[in-house]
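Participant: File follows, target35.pdb with PDB, C-alpha atoms:
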MODEL        1
ATOM      1  CA  MET A 107      -4.868  12.860 -22.991
ATOM      2  CA  PHE A 108      -8.183  12.642 -21.199
ATOM      3  CA  LEU A 109     -10.349   9.849 -19.895
ATOM      4  CA  SER A 110     -14.042  10.405 -20.370
ATOM      5  CA  VAL A 111     -17.214   8.651 -19.383
ATOM      6  CA  GLU A 112     -19.926   8.510 -21.996
ATOM      7  CA  LEU A 113     -23.478   8.406 -20.769
ATOM      8  CA  SER A 114     -24.151   5.602 -23.229
ATOM      9  CA  CYS A 115     -22.150   3.482 -20.767
ATOM     10  CA  VAL A 116     -18.610   3.632 -22.121
ATOM     11  CA  VAL A 117     -15.541   4.798 -20.244
ATOM     12  CA  TYR A 118     -13.058   6.138 -22.771
ATOM     13  CA  VAL A 119      -9.339   6.771 -22.558
ATOM     14  CA  GLY A 120      -8.392   9.497 -24.990
ATOM     15  CA  TYR A 121     -10.144  12.532 -26.390
ATOM     16  CA  VAL A 122     -13.633  11.997 -27.804
ATOM     17  CA  ARG A 123     -15.482  14.722 -29.635
ATOM     18  CA  GLN A 124     -18.836  15.404 -28.051
ATOM     19  CA  GLN A 125     -21.642  14.431 -30.390
ATOM     20  CA  ASP A 126     -25.246  14.032 -29.298
ATOM     21  CA  ARG A 127     -24.431  12.881 -25.769
ATOM     22  CA  SER A 128     -22.655  14.637 -22.933
ATOM     23  CA  TYR A 129     -19.307  13.554 -21.514
ATOM     24  CA  VAL A 130     -17.482  14.047 -18.267
ATOM     25  CA  TRP A 131     -13.702  13.990 -18.073
ATOM     26  CA  PHE A 132     -11.572  11.515 -16.192
ATOM     27  CA  ALA A 133      -8.991  14.154 -15.294
ATOM     28  CA  ALA A 134      -7.097  11.816 -12.968
ATOM     29  CA  TRP A 135      -5.869   9.662 -15.828
ATOM     30  CA  GLY A 136      -4.650  12.558 -17.923
ATOM     31  CA  LEU A 137      -2.740  14.191 -15.100
ATOM     32  CA  ILE A 138      -1.263  11.010 -13.646
ATOM     33  CA  PHE A 139      -0.418   9.621 -17.057
ATOM     34  CA  GLU A 140       1.320  12.768 -18.235
ATOM     35  CA  TYR A 141       3.162  13.586 -15.033
ATOM     36  CA  HIS A 142       4.315  10.116 -14.112
ATOM     37  CA  LEU A 143       4.786   8.533 -17.523
ATOM     38  CA  GLY A 144       6.386  11.490 -19.225
ATOM     39  CA  VAL A 145       3.888  11.478 -22.072
ATOM     40  CA  SER A 146       3.351  14.998 -23.356
ATOM     41  CA  MET A 147      -0.295  15.991 -23.212
ATOM     42  CA  LYS A 148      -1.519  17.741 -26.333
ATOM     43  CA  SER A 149      -4.517  20.002 -26.560
ATOM     44  CA  GLU A 150      -7.879  18.319 -26.846
ATOM     45  CA  GLU A 151      -7.906  18.824 -30.578
ATOM     46  CA  GLU A 152      -4.443  17.320 -31.028
ATOM     47  CA  THR A 153      -4.688  14.286 -28.747
ATOM     48  CA  ASP A 154      -4.027  11.103 -30.691
ATOM     49  CA  GLU A 155      -4.776   7.806 -28.979
ATOM     50  CA  ASP A 156      -2.880   5.921 -31.665
ATOM     51  CA  GLN A 157       0.344   7.673 -30.652
ATOM     52  CA  GLU A 158      -0.191   7.181 -26.916
ATOM     53  CA  GLY A 159      -1.059   3.472 -27.113
ATOM     54  CA  PRO A 160       2.297   2.322 -28.517
ATOM     55  CA  GLN A 161       4.211   4.407 -25.977
ATOM     56  CA  LEU A 162       2.301   2.909 -23.089
ATOM     57  CA  ASN A 163       2.508  -0.590 -24.562
ATOM     58  CA  ALA A 164       6.292  -0.332 -24.936
ATOM     59  CA  GLN A 165       6.717   0.879 -21.370
ATOM     60  CA  LEU A 166       4.600  -1.951 -19.947
ATOM     61  CA  GLU A 167       6.453  -4.493 -22.062
ATOM     62  CA  GLY A 168       9.755  -3.144 -20.792
ATOM     63  CA  TRP A 169       8.829  -3.547 -17.145
ATOM     64  CA  LEU A 170       7.284  -6.984 -17.625
ATOM     65  CA  SER A 171      10.326  -8.240 -19.541
ATOM     66  CA  GLN A 172      12.552  -7.524 -16.558
ATOM     67  CA  VAL A 173      10.754  -9.790 -14.061
ATOM     68  CA  GLN A 174      10.129 -13.522 -13.687
ATOM     69  CA  SER A 175       6.866 -15.464 -13.476
ATOM     70  CA  THR A 176       7.733 -17.387 -10.307
ATOM     71  CA  LYS A 177       4.215 -17.524  -8.798
ATOM     72  CA  ARG A 178       2.141 -18.359 -11.827
ATOM     73  CA  PRO A 179      -0.739 -18.796 -12.186
ATOM     74  CA  ALA A 180      -1.815 -16.251  -9.594
ATOM     75  CA  ARG A 181      -5.345 -16.437  -8.235
ATOM     76  CA  ALA A 182      -4.990 -12.942  -6.790
ATOM     77  CA  ILE A 183      -2.441 -10.159  -6.864
ATOM     78  CA  ILE A 184      -1.791  -7.049  -4.799
ATOM     79  CA  ALA A 185      -0.327  -4.190  -6.826
ATOM     80  CA  PRO A 186       0.014  -0.392  -6.473
ATOM     81  CA  HIS A 187      -1.991   2.310  -8.221
ATOM     82  CA  ALA A 188       0.315   5.334  -8.298
ATOM     83  CA  GLY A 189       1.819   6.942 -11.377
ATOM     84  CA  TYR A 190       3.740   4.432 -13.443
ATOM     85  CA  THR A 191       7.080   6.236 -13.186
ATOM     86  CA  TYR A 192       6.922   5.564  -9.467
ATOM     87  CA  CYS A 193       5.311   2.122  -9.310
ATOM     88  CA  GLY A 194       5.211   0.688 -12.841
ATOM     89  CA  SER A 195       8.243  -1.518 -12.352
ATOM     90  CA  CYS A 196       6.942  -2.720  -8.989
ATOM     91  CA  ALA A 197       3.495  -3.573 -10.363
ATOM     92  CA  ALA A 198       5.108  -5.657 -13.121
ATOM     93  CA  HIS A 199       6.163  -8.229 -10.513
ATOM     94  CA  ALA A 200       2.497  -8.886  -9.748
ATOM     95  CA  TYR A 201       1.149  -8.783 -13.298
ATOM     96  CA  LYS A 202       3.861 -11.146 -14.517
ATOM     97  CA  GLN A 203       2.155 -13.856 -12.429
ATOM     98  CA  VAL A 204      -1.133 -13.556 -14.357
ATOM     99  CA  ASP A 205      -1.796 -16.462 -16.725
ATOM    100  CA  PRO A 206      -3.950 -15.248 -19.642
ATOM    101  CA  ASN A 207      -4.460 -18.810 -20.823
ATOM    102  CA  ILE A 208      -6.758 -19.641 -17.903
ATOM    103  CA  THR A 209      -7.998 -16.250 -16.664
ATOM    104  CA  ARG A 210     -11.461 -15.318 -17.887
ATOM    105  CA  LYS A 211     -12.857 -12.949 -15.246
ATOM    106  CA  ILE A 212     -10.841 -10.284 -13.443
ATOM    107  CA  PHE A 213     -12.183  -8.712 -10.254
ATOM    108  CA  ILE A 214     -10.495  -5.349  -9.589
ATOM    109  CA  LEU A 215     -10.958  -4.199  -5.985
ATOM    110  CA  GLY A 216      -9.880  -0.606  -5.407
ATOM    111  CA  PRO A 217     -10.256   1.658  -2.367
ATOM    112  CA  SER A 218     -12.391   4.781  -2.486
ATOM    113  CA  HIS A 219     -10.208   7.885  -2.212
ATOM    114  CA  HIS A 220     -12.735  10.626  -2.934
ATOM    115  CA  VAL A 221     -16.189   9.699  -1.649
ATOM    116  CA  PRO A 222     -17.332   8.374   1.732
ATOM    117  CA  LEU A 223     -18.509   4.833   1.190
ATOM    118  CA  SER A 224     -19.484   2.355   3.893
ATOM    119  CA  ARG A 225     -20.159  -0.511   1.500
ATOM    120  CA  CYS A 226     -18.862  -1.429  -1.947
ATOM    121  CA  ALA A 227     -19.936   0.123  -5.227
ATOM    122  CA  LEU A 228     -20.260  -1.042  -8.817
ATOM    123  CA  SER A 229     -19.632   1.013 -11.939
ATOM    124  CA  SER A 230     -22.537   2.398 -13.941
ATOM    125  CA  VAL A 231     -20.864   1.799 -17.294
ATOM    126  CA  ASP A 232     -20.397  -1.225 -19.557
ATOM    127  CA  ILE A 233     -16.960  -0.715 -21.087
ATOM    128  CA  TYR A 234     -13.652   0.770 -19.987
ATOM    129  CA  ARG A 235     -11.530   1.810 -22.958
ATOM    130  CA  THR A 236      -7.750   1.973 -22.602
ATOM    131  CA  PRO A 237      -5.090   3.063 -25.100
ATOM    132  CA  LEU A 238      -4.510  -0.663 -25.723
ATOM    133  CA  TYR A 239      -8.072  -1.964 -26.207
ATOM    134  CA  ASP A 240     -11.542  -2.037 -24.641
ATOM    135  CA  LEU A 241     -12.213  -3.862 -21.364
ATOM    136  CA  ARG A 242     -15.752  -5.173 -21.009
ATOM    137  CA  ILE A 243     -17.457  -5.167 -17.611
ATOM    138  CA  ASP A 244     -19.136  -8.484 -16.839
ATOM    139  CA  GLN A 245     -22.802  -7.572 -16.509
ATOM    140  CA  LYS A 246     -23.782 -11.120 -15.493
ATOM    141  CA  ILE A 247     -21.511 -11.030 -12.447
ATOM    142  CA  TYR A 248     -22.582  -7.448 -11.749
ATOM    143  CA  GLY A 249     -26.169  -8.670 -11.738
ATOM    144  CA  GLU A 250     -25.339 -11.413  -9.242
ATOM    145  CA  LEU A 251     -23.572  -8.955  -6.951
ATOM    146  CA  TRP A 252     -26.334  -6.360  -7.222
ATOM    147  CA  LYS A 253     -28.994  -8.885  -6.218
ATOM    148  CA  THR A 254     -27.302  -9.389  -2.848
ATOM    149  CA  GLY A 255     -28.314  -5.873  -1.798
ATOM    150  CA  MET A 256     -24.782  -5.273  -0.505
ATOM    151  CA  PHE A 257     -23.705  -2.847  -3.237
ATOM    152  CA  GLU A 258     -24.462   0.634  -4.462
ATOM    153  CA  ARG A 259     -23.719   2.285  -7.790
ATOM    154  CA  MET A 260     -20.837   4.646  -8.415
ATOM    155  CA  SER A 261     -21.867   7.940  -9.923
ATOM    156  CA  LEU A 262     -20.156   8.893 -13.165
ATOM    157  CA  GLN A 263     -18.321  11.604 -11.235
ATOM    158  CA  THR A 264     -16.969   9.053  -8.760
ATOM    159  CA  ASP A 265     -15.942   6.757 -11.607
ATOM    160  CA  GLU A 266     -14.246   9.749 -13.203
ATOM    161  CA  ASP A 267     -12.333  10.821 -10.103
ATOM    162  CA  GLU A 268     -11.179   7.467  -8.714
ATOM    163  CA  HIS A 269      -7.731   6.288  -9.810
ATOM    164  CA  SER A 270      -7.395   3.114  -7.716
ATOM    165  CA  ILE A 271      -9.171   1.015 -10.354
ATOM    166  CA  GLU A 272      -8.244   3.215 -13.297
ATOM    167  CA  MET A 273      -4.489   2.739 -12.961
ATOM    168  CA  HIS A 274      -4.856  -1.050 -13.177
ATOM    169  CA  LEU A 275      -6.659  -1.020 -16.512
ATOM    170  CA  PRO A 276      -3.607  -0.732 -18.820
ATOM    171  CA  TYR A 277      -1.691  -3.434 -16.938
ATOM    172  CA  THR A 278      -4.747  -5.692 -17.005
ATOM    173  CA  ALA A 279      -5.096  -5.134 -20.741
ATOM    174  CA  LYS A 280      -1.391  -5.806 -21.304
ATOM    175  CA  ALA A 281      -1.290  -8.954 -19.181
ATOM    176  CA  MET A 282      -4.313 -10.357 -21.033
ATOM    177  CA  GLU A 283      -3.550  -9.147 -24.568
ATOM    178  CA  SER A 284      -3.060 -12.665 -25.985
ATOM    179  CA  HIS A 285      -6.695 -13.422 -25.019
ATOM    180  CA  LYS A 286      -8.136  -9.937 -25.206
ATOM    181  CA  ASP A 287     -11.518 -11.024 -26.548
ATOM    182  CA  GLU A 288     -11.961 -13.830 -24.034
ATOM    183  CA  PHE A 289     -12.222 -12.160 -20.627
ATOM    184  CA  THR A 290     -14.284  -9.618 -18.719
ATOM    185  CA  ILE A 291     -13.590  -7.376 -15.750
ATOM    186  CA  ILE A 292     -15.547  -6.776 -12.547
ATOM    187  CA  PRO A 293     -14.460  -3.424 -11.048
ATOM    188  CA  VAL A 294     -15.501  -2.940  -7.420
ATOM    189  CA  LEU A 295     -14.955   0.229  -5.405
ATOM    190  CA  VAL A 296     -14.401  -0.728  -1.767
ATOM    191  CA  GLY A 297     -15.458   1.654   0.971
ATOM    192  CA  ALA A 298     -14.276   2.131   4.554
ATOM    193  CA  LEU A 299     -15.602  -1.232   5.684
ATOM    194  CA  SER A 300     -15.887  -2.351   9.279
ATOM    195  CA  GLU A 301     -14.224  -5.638  10.176
ATOM    196  CA  ALA A 302     -17.651  -7.284  10.126
ATOM    197  CA  LYS A 303     -18.337  -5.992   6.624
ATOM    198  CA  GLU A 304     -14.907  -7.107   5.421
ATOM    199  CA  GLN A 305     -15.927 -10.566   6.597
ATOM    200  CA  GLU A 306     -19.280 -10.334   4.817
ATOM    201  CA  PHE A 307     -17.771  -9.220   1.533
ATOM    202  CA  GLY A 308     -14.965 -11.753   1.900
ATOM    203  CA  LYS A 309     -17.514 -14.529   2.261
ATOM    204  CA  LEU A 310     -19.415 -13.253  -0.769
ATOM    205  CA  PHE A 311     -16.328 -13.050  -2.966
ATOM    206  CA  SER A 312     -14.889 -16.371  -1.749
ATOM    207  CA  LYS A 313     -16.986 -18.385  -4.190
ATOM    208  CA  TYR A 314     -15.528 -16.362  -7.054
ATOM    209  CA  LEU A 315     -11.993 -16.646  -5.655
ATOM    210  CA  ALA A 316     -12.435 -20.437  -5.600
ATOM    211  CA  ASP A 317     -12.834 -20.511  -9.387
ATOM    212  CA  PRO A 318      -9.447 -21.042 -11.110
ATOM    213  CA  SER A 319     -10.614 -19.037 -14.129
ATOM    214  CA  ASN A 320     -11.013 -15.938 -11.955
ATOM    215  CA  LEU A 321      -8.332 -13.456 -10.920
ATOM    216  CA  PHE A 322      -8.552 -10.874  -8.150
ATOM    217  CA  VAL A 323      -6.553  -7.665  -8.513
ATOM    218  CA  VAL A 324      -6.311  -5.850  -5.184
ATOM    219  CA  SER A 325      -5.292  -2.236  -5.616
ATOM    220  CA  SER A 326      -3.201  -0.735  -2.839
ATOM    221  CA  ASP A 327      -0.234   1.463  -2.119
ATOM    222  CA  PHE A 328       1.451   1.054   1.251
ATOM    223  CA  CYS A 329       2.734   3.664   3.720
ATOM    224  CA  HIS A 330       2.041   7.311   2.874
ATOM    225  CA  TRP A 331       4.575   9.099   5.068
ATOM    226  CA  GLY A 332       5.090  12.783   5.728
ATOM    227  CA  GLN A 333       3.361  15.954   6.830
ATOM    228  CA  ARG A 334       1.155  16.128   3.747
ATOM    229  CA  PHE A 335      -0.227  12.679   4.642
ATOM    230  CA  ARG A 336      -0.476  13.531   8.353
ATOM    231  CA  TYR A 337       1.470  10.421   9.219
ATOM    232  CA  SER A 338       4.980  10.436  10.645
ATOM    233  CA  TYR A 339       5.519   7.197  12.560
ATOM    234  CA  TYR A 340       9.242   6.761  13.174
ATOM    235  CA  ASP A 341      11.051   3.934  14.939
ATOM    236  CA  GLU A 342      14.526   5.374  15.577
ATOM    237  CA  SER A 343      15.951   1.914  16.224
ATOM    238  CA  GLN A 344      15.626   1.207  12.479
ATOM    239  CA  GLY A 345      17.995   4.035  11.520
ATOM    240  CA  GLU A 346      16.998   6.470   8.775
ATOM    241  CA  ILE A 347      13.311   7.344   8.422
ATOM    242  CA  TYR A 348      12.935   5.438   5.157
ATOM    243  CA  ARG A 349      14.242   2.292   6.846
ATOM    244  CA  SER A 350      11.680   2.712   9.604
ATOM    245  CA  ILE A 351       8.972   3.016   6.933
ATOM    246  CA  GLU A 352      10.200  -0.140   5.223
ATOM    247  CA  HIS A 353      10.258  -2.022   8.519
ATOM    248  CA  LEU A 354       6.704  -0.880   9.264
ATOM    249  CA  ASP A 355       5.459  -1.881   5.804
ATOM    250  CA  LYS A 356       7.149  -5.261   5.924
ATOM    251  CA  MET A 357       5.570  -6.031   9.276
ATOM    252  CA  GLY A 358       2.220  -5.613   7.552
ATOM    253  CA  MET A 359       3.340  -7.509   4.474
ATOM    254  CA  ASN A 360       4.459 -10.444   6.630
ATOM    255  CA  ILE A 361       1.036 -10.545   8.284
ATOM    256  CA  ILE A 362      -0.659 -10.509   4.868
ATOM    257  CA  GLU A 363       1.542 -13.433   3.843
ATOM    258  CA  GLN A 364       0.255 -15.286   6.907
ATOM    259  CA  LEU A 365      -3.265 -14.850   5.433
ATOM    260  CA  ASP A 366      -4.614 -13.738   8.817
ATOM    261  CA  PRO A 367      -7.286 -11.011   8.583
ATOM    262  CA  VAL A 368      -7.550 -10.574  12.369
ATOM    263  CA  SER A 369      -3.820 -10.023  12.790
ATOM    264  CA  PHE A 370      -3.856  -7.563   9.885
ATOM    265  CA  SER A 371      -6.672  -5.581  11.528
ATOM    266  CA  ASN A 372      -4.774  -5.559  14.830
ATOM    267  CA  TYR A 373      -1.620  -4.347  13.071
ATOM    268  CA  LEU A 374      -3.548  -1.455  11.523
ATOM    269  CA  LYS A 375      -5.083  -0.536  14.882
ATOM    270  CA  LYS A 376      -1.663  -0.541  16.540
ATOM    271  CA  TYR A 377       0.405   1.346  13.962
ATOM    272  CA  HIS A 378      -2.276   3.132  11.882
ATOM    273  CA  ASN A 379      -0.154   2.527   8.801
ATOM    274  CA  THR A 380      -1.603   4.526   5.924
ATOM    275  CA  ILE A 381      -2.144   1.564   3.583
ATOM    276  CA  CYS A 382      -4.838   3.016   1.332
ATOM    277  CA  GLY A 383      -6.026  -0.403   0.119
ATOM    278  CA  ARG A 384      -6.347  -1.860   3.608
ATOM    279  CA  HIS A 385     -10.052  -2.584   3.138
ATOM    280  CA  PRO A 386      -9.707  -4.385  -0.232
ATOM    281  CA  ILE A 387      -6.832  -6.345   1.345
ATOM    282  CA  GLY A 388      -9.075  -7.143   4.307
ATOM    283  CA  VAL A 389     -11.795  -8.400   1.965
ATOM    284  CA  LEU A 390      -9.270 -10.619   0.153
ATOM    285  CA  LEU A 391      -7.892 -12.031   3.417
ATOM    286  CA  ASN A 392     -11.383 -12.842   4.621
ATOM    287  CA  ALA A 393     -12.251 -14.523   1.315
ATOM    288  CA  ILE A 394      -9.095 -16.624   1.636
ATOM    289  CA  ASN A 395      -9.962 -17.430   5.241
ATOM    290  CA  GLU A 396     -13.388 -18.657   4.142
ATOM    291  CA  LEU A 397     -11.845 -20.999   1.557
ATOM    292  CA  GLN A 398      -9.249 -22.266   4.002
ATOM    293  CA  LYS A 399     -12.076 -23.383   6.289
ATOM    294  CA  ASN A 400     -13.140 -25.666   3.439
ATOM    295  CA  GLY A 401      -9.675 -27.149   3.076
ATOM    296  CA  MET A 402      -8.286 -25.084   0.208
ATOM    297  CA  ASN A 403      -4.497 -24.666   0.472
ATOM    298  CA  MET A 404      -3.166 -21.257  -0.558
ATOM    299  CA  SER A 405      -0.066 -19.148  -0.089
ATOM    300  CA  PHE A 406       0.705 -15.485  -0.662
ATOM    301  CA  SER A 407       4.150 -14.082  -1.426
ATOM    302  CA  PHE A 408       5.304 -10.516  -1.865
ATOM    303  CA  LEU A 409       7.688 -10.210  -4.782
ATOM    304  CA  ASN A 410       8.763  -6.569  -4.749
ATOM    305  CA  TYR A 411       8.839  -3.511  -2.511
ATOM    306  CA  ALA A 412       9.695   0.073  -3.413
ATOM    307  CA  GLN A 413       9.395   3.642  -2.161
ATOM    308  CA  SER A 414       8.803   6.763  -4.220
ATOM    309  CA  SER A 415      11.724   8.421  -2.389
ATOM    310  CA  GLN A 416      13.898   7.866   0.668
ATOM    311  CA  CYS A 417      12.792  10.025   3.585
ATOM    312  CA  ARG A 418      15.612  11.320   5.758
ATOM    313  CA  ASN A 419      14.052  14.308   7.519
ATOM    314  CA  TRP A 420      10.664  15.534   8.692
ATOM    315  CA  GLN A 421      10.140  17.683   5.601
ATOM    316  CA  ASP A 422      10.374  14.680   3.277
ATOM    317  CA  SER A 423       7.468  12.531   2.122
ATOM    318  CA  SER A 424       7.083   9.218   0.330
ATOM    319  CA  VAL A 425       4.643   6.539  -0.731
ATOM    320  CA  SER A 426       5.495   2.845  -0.561
ATOM    321  CA  TYR A 427       4.548   0.176  -3.100
ATOM    322  CA  ALA A 428       4.391  -3.607  -2.859
ATOM    323  CA  ALA A 429       3.518  -6.339  -5.344
ATOM    324  CA  GLY A 430       2.585  -9.893  -4.498
ATOM    325  CA  ALA A 431       0.667 -12.938  -5.674
ATOM    326  CA  LEU A 432      -1.658 -15.561  -4.222
ATOM    327  CA  MET A 433      -1.314 -19.146  -5.391
ATOM    328  CA  VAL A 434      -3.650 -22.099  -4.846
ATOM    329  CA  HIS A 435      -1.908 -25.417  -4.295
TER     330      HIS A 435
ENDMDL
END
Here is the file; what I need is its structure written in the form of structure tokens.
Facilitator:
Amino acid sequence: MFLSVELSCVVYVGYVRQQDRSYVWFAAWGLIFEYHLGVSMKSEEETDEDQEGPQLNAQLEGWLSQVQSTKRPARAIIAPHAGYTYCGSCAAHAYKQVDPNITRKIFILGPSHHVPLSRCALSSVDIYRTPLYDLRIDQKIYGELWKTGMFERMSLQTDEDEHSIEMHLPYTAKAMESHKDEFTIIPVLVGALSEAKEQEFGKLFSKYLADPSNLFVVSSDFCHWGQRFRYSYYDESQGEIYRSIEHLDKMGMNIIEQLDPVSFSNYLKKYHNTICGRHPIGVLLNAINELQKNGMNMSFSFLNYAQSSQCRNWQDSSVSYAAGALMVH
């Protein structure tokens, strides 16, 4: 299966025959989907979206059916963006808190993995297609954001390569399927923002976070540990390496639950934890902080934590995943 971007402003999941317009391939989806979901990838000529959709739908339903909606309705969630075999069950804990009955606009904030970006960027397309159904990008909100002068446009190649937003599209579609014609998405690629810029973007997004019909999806994995990630922090007092990783992650998670952007920045400076979505998280925390100044009462709770594997020696590696939800009281 392939994900392509059509120059007529459609992002497509599945094979599309080239007609009178050129296409570029979203290779990340095909590789991640096949490898981590166990879906066999046919040749381009044989790919059948109708067969892949039900498989994906059944897998998402299975994970969601195993968790409870204890923090519903969520105003924001943090969820991972790795292959679903590794993080699908973890992400379900966050998406279970989404209430499709009230959600009408979904902001998806994902970190930039492939291109240097000092600001935030908006997609150049109008529609993301998933094996479940099409997701429409809200051009009205995009217009409002663009007018601020704070954003740039993703190239089609960047849109093609980046998986941090991409991997949230099926779960978003699944969580909202009962109202699939009644909502739009606002994908935002978040660059390596300074603390000052995290504050600026947090203030900008705070007015959207204040709206109960909006949902923010913050895309982030947690610690990337091992030689291939060039990160090997180890606190021997915690026992095995994987327990040290968990302790490190949960220190950060506890700070996020305190809704304190300054403390989160200080934690990152001290431990350099390789949380790839640290900047989207920083933007969310600053948006929350802005609303708290105006008397809005909110709380964030992490609901699940997992690791791709348990590291026990220096040759091992792992990625951590966490899922949580923000509620407004």
Participant: As lines of an AutoDock Vina configuration file, please: the centre and edge lengths in Å, to one decimal, of an axis-aligned box enclosing every listed atom of segment 289-299 of chain A with 8 Å added on each side.
Facilitator:
center_x = -13.9
center_y = -5.0
center_z = -7.5
size_x = 19.4
size_y = 30.3
size_z = 42.3
Participant: As a check of understanding, name the residues that the PyMOL selection byres ((chain A and resi 193) around 10) selects in the supplied structure, as a list of chain:residue names.
Facilitator: A:His142, A:Ala185, A:Pro186, A:His187, A:Ala188, A:Gly189, A:Tyr190, A:Thr191, A:Tyr192, A:Gly194, A:Ser195, A:Cys196, A:Ala197, A:Ala198, A:Asp327, A:Tyr411, A:Ala412, A:Gln413, A:Ser414, A:Val425, A:Ser426, A:Tyr427, A:Ala428, A:Ala429
Participant: Suppose a student applies the PyMOL selection byres ((chain A and resi 293) around 6) to this structure; what residues should they get, written as a list in words?
Facilitator: Phe213, Ile214, Ile292 and Val294 of chain A
Participant: Identify which of the residues A:Cys226, A:Tyr277, A:Cys329, A:Glu272 lies closest to Ala164 of chain A, counting only C-alpha atoms when measuring atom-to-atom distances.
Facilitator: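 Under the stated criterion, the closest residue is A:Tyr277.
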Participant: If you measure from atom CA of Asp422 of chain A to atom CA of Thr380 of chain A, what distance in Å do you get, rounded to one decimal?
Facilitator: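 Separation between atom CA of Asp422 of chain A and atom CA of Thr380 of chain A: 15.9 Å.
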Participant: Starting from the displayed file, determine the output of the PyMOL selection byres ((chain A and resi 338) around 12) and express the residue list as a ChimeraX atom specification.
Facilitator: /A:329-337,339-342,347-348,350-351,354,377-380,417-424
Participant: Atom CA of Leu162 of chain A and atom CA of Ser270 of chain A, how far apart in Å?
Facilitator: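 The value is 18.2 Å.
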Participant: With only C-alpha atoms as the atoms that count, which of A:Ala227, A:Met433, A:Ala393, A:Met404 lies nearest to Glu304 of chain A?
Facilitator: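 For Glu304 of chain A, the nearest of the given residues is A:Ala393.
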Participant: Restricting the calculation to only C-alpha atoms, which member of A:Gln305, A:Val323, A:Ala316, A:Val231 is positioned closest to Leu275 of chain A?
Facilitator: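 The closest residue to Leu275 of chain A is A:Val323.
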Participant: I'd like the contact shell of segment 199-208 of chain A - 9 Å cut-off, only C-alpha atoms, skipping same-chain residues fewer than 3 positions apart - returned as number ranges by chain.
Facilitator: A: 169-185, 195-196, 277-278, 280-286, 289, 318-321, 408-410, 428-431
Participant: Taking C-alpha atoms for each residue, export the selection above as a PDB file, in the coordinates of the input.
Facilitator:
ATOM      1  CA  TRP A 169       8.829  -3.547 -17.145  1.00  0.00           C
ATOM      2  CA  LEU A 170       7.284  -6.984 -17.625  1.00  0.00           C
ATOM      3  CA  SER A 171      10.326  -8.240 -19.541  1.00  0.00           C
ATOM      4  CA  GLN A 172      12.552  -7.524 -16.558  1.00  0.00           C
ATOM      5  CA  VAL A 173      10.754  -9.790 -14.061  1.00  0.00           C
ATOM      6  CA  GLN A 174      10.129 -13.522 -13.687  1.00  0.00           C
ATOM      7  CA  SER A 175       6.866 -15.464 -13.476  1.00  0.00           C
ATOM      8  CA  THR A 176       7.733 -17.387 -10.307  1.00  0.00           C
ATOM      9  CA  LYS A 177       4.215 -17.524  -8.798  1.00  0.00           C
ATOM     10  CA  ARG A 178       2.141 -18.359 -11.827  1.00  0.00           C
ATOM     11  CA  PRO A 179      -0.739 -18.796 -12.186  1.00  0.00           C
ATOM     12  CA  ALA A 180      -1.815 -16.251  -9.594  1.00  0.00           C
ATOM     13  CA  ARG A 181      -5.345 -16.437  -8.235  1.00  0.00           C
ATOM     14  CA  ALA A 182      -4.990 -12.942  -6.790  1.00  0.00           C
ATOM     15  CA  ILE A 183      -2.441 -10.159  -6.864  1.00  0.00           C
ATOM     16  CA  ILE A 184      -1.791  -7.049  -4.799  1.00  0.00           C
ATOM     17  CA  ALA A 185      -0.327  -4.190  -6.826  1.00  0.00           C
ATOM     18  CA  SER A 195       8.243  -1.518 -12.352  1.00  0.00           C
ATOM     19  CA  CYS A 196       6.942  -2.720  -8.989  1.00  0.00           C
ATOM     20  CA  TYR A 277      -1.691  -3.434 -16.938  1.00  0.00           C
ATOM     21  CA  THR A 278      -4.747  -5.692 -17.005  1.00  0.00           C
ATOM     22  CA  LYS A 280      -1.391  -5.806 -21.304  1.00  0.00           C
ATOM     23  CA  ALA A 281      -1.290  -8.954 -19.181  1.00  0.00           C
ATOM     24  CA  MET A 282      -4.313 -10.357 -21.033  1.00  0.00           C
ATOM     25  CA  GLU A 283      -3.550  -9.147 -24.568  1.00  0.00           C
ATOM     26  CA  SER A 284      -3.060 -12.665 -25.985  1.00  0.00           C
ATOM     27  CA  HIS A 285      -6.695 -13.422 -25.019  1.00  0.00           C
ATOM     28  CA  LYS A 286      -8.136  -9.937 -25.206  1.00  0.00           C
ATOM     29  CA  PHE A 289     -12.222 -12.160 -20.627  1.00  0.00           C
ATOM     30  CA  PRO A 318      -9.447 -21.042 -11.110  1.00  0.00           C
ATOM     31  CA  SER A 319     -10.614 -19.037 -14.129  1.00  0.00           C
ATOM     32  CA  ASN A 320     -11.013 -15.938 -11.955  1.00  0.00           C
ATOM     33  CA  LEU A 321      -8.332 -13.456 -10.920  1.00  0.00           C
ATOM     34  CA  PHE A 408       5.304 -10.516  -1.865  1.00  0.00           C
ATOM     35  CA  LEU A 409       7.688 -10.210  -4.782  1.00  0.00           C
ATOM     36  CA  ASN A 410       8.763  -6.569  -4.749  1.00  0.00           C
ATOM     37  CA  ALA A 428       4.391  -3.607  -2.859  1.00  0.00           C
ATOM     38  CA  ALA A 429       3.518  -6.339  -5.344  1.00  0.00           C
ATOM     39  CA  GLY A 430       2.585  -9.893  -4.498  1.00  0.00           C
ATOM     40  CA  ALA A 431       0.667 -12.938  -5.674  1.00  0.00           C
TER      41      ALA A 431
END
Participant: In Å to one decimal, how far is atom CA of Asp267 of chain A from atom CA of Pro237 of chain A?
Facilitator: 18.4 Å
Participant: Can you pull out every residue within 12 Å of Ile361 of chain A, counting all atoms listed in the file, but drop anything in the same chain fewer than 2 positions away, and send it as a list in words?
Facilitator: Leu354, Asp355, Lys356, Met357, Gly358, Met359, Glu363, Gln364, Leu365, Asp366, Pro367, Val368, Ser369, Phe370, Ser371, Asn372, Tyr373, Leu374, Ile387, Gly388, Leu391, Phe406, Ser407 and Phe408 of chain A
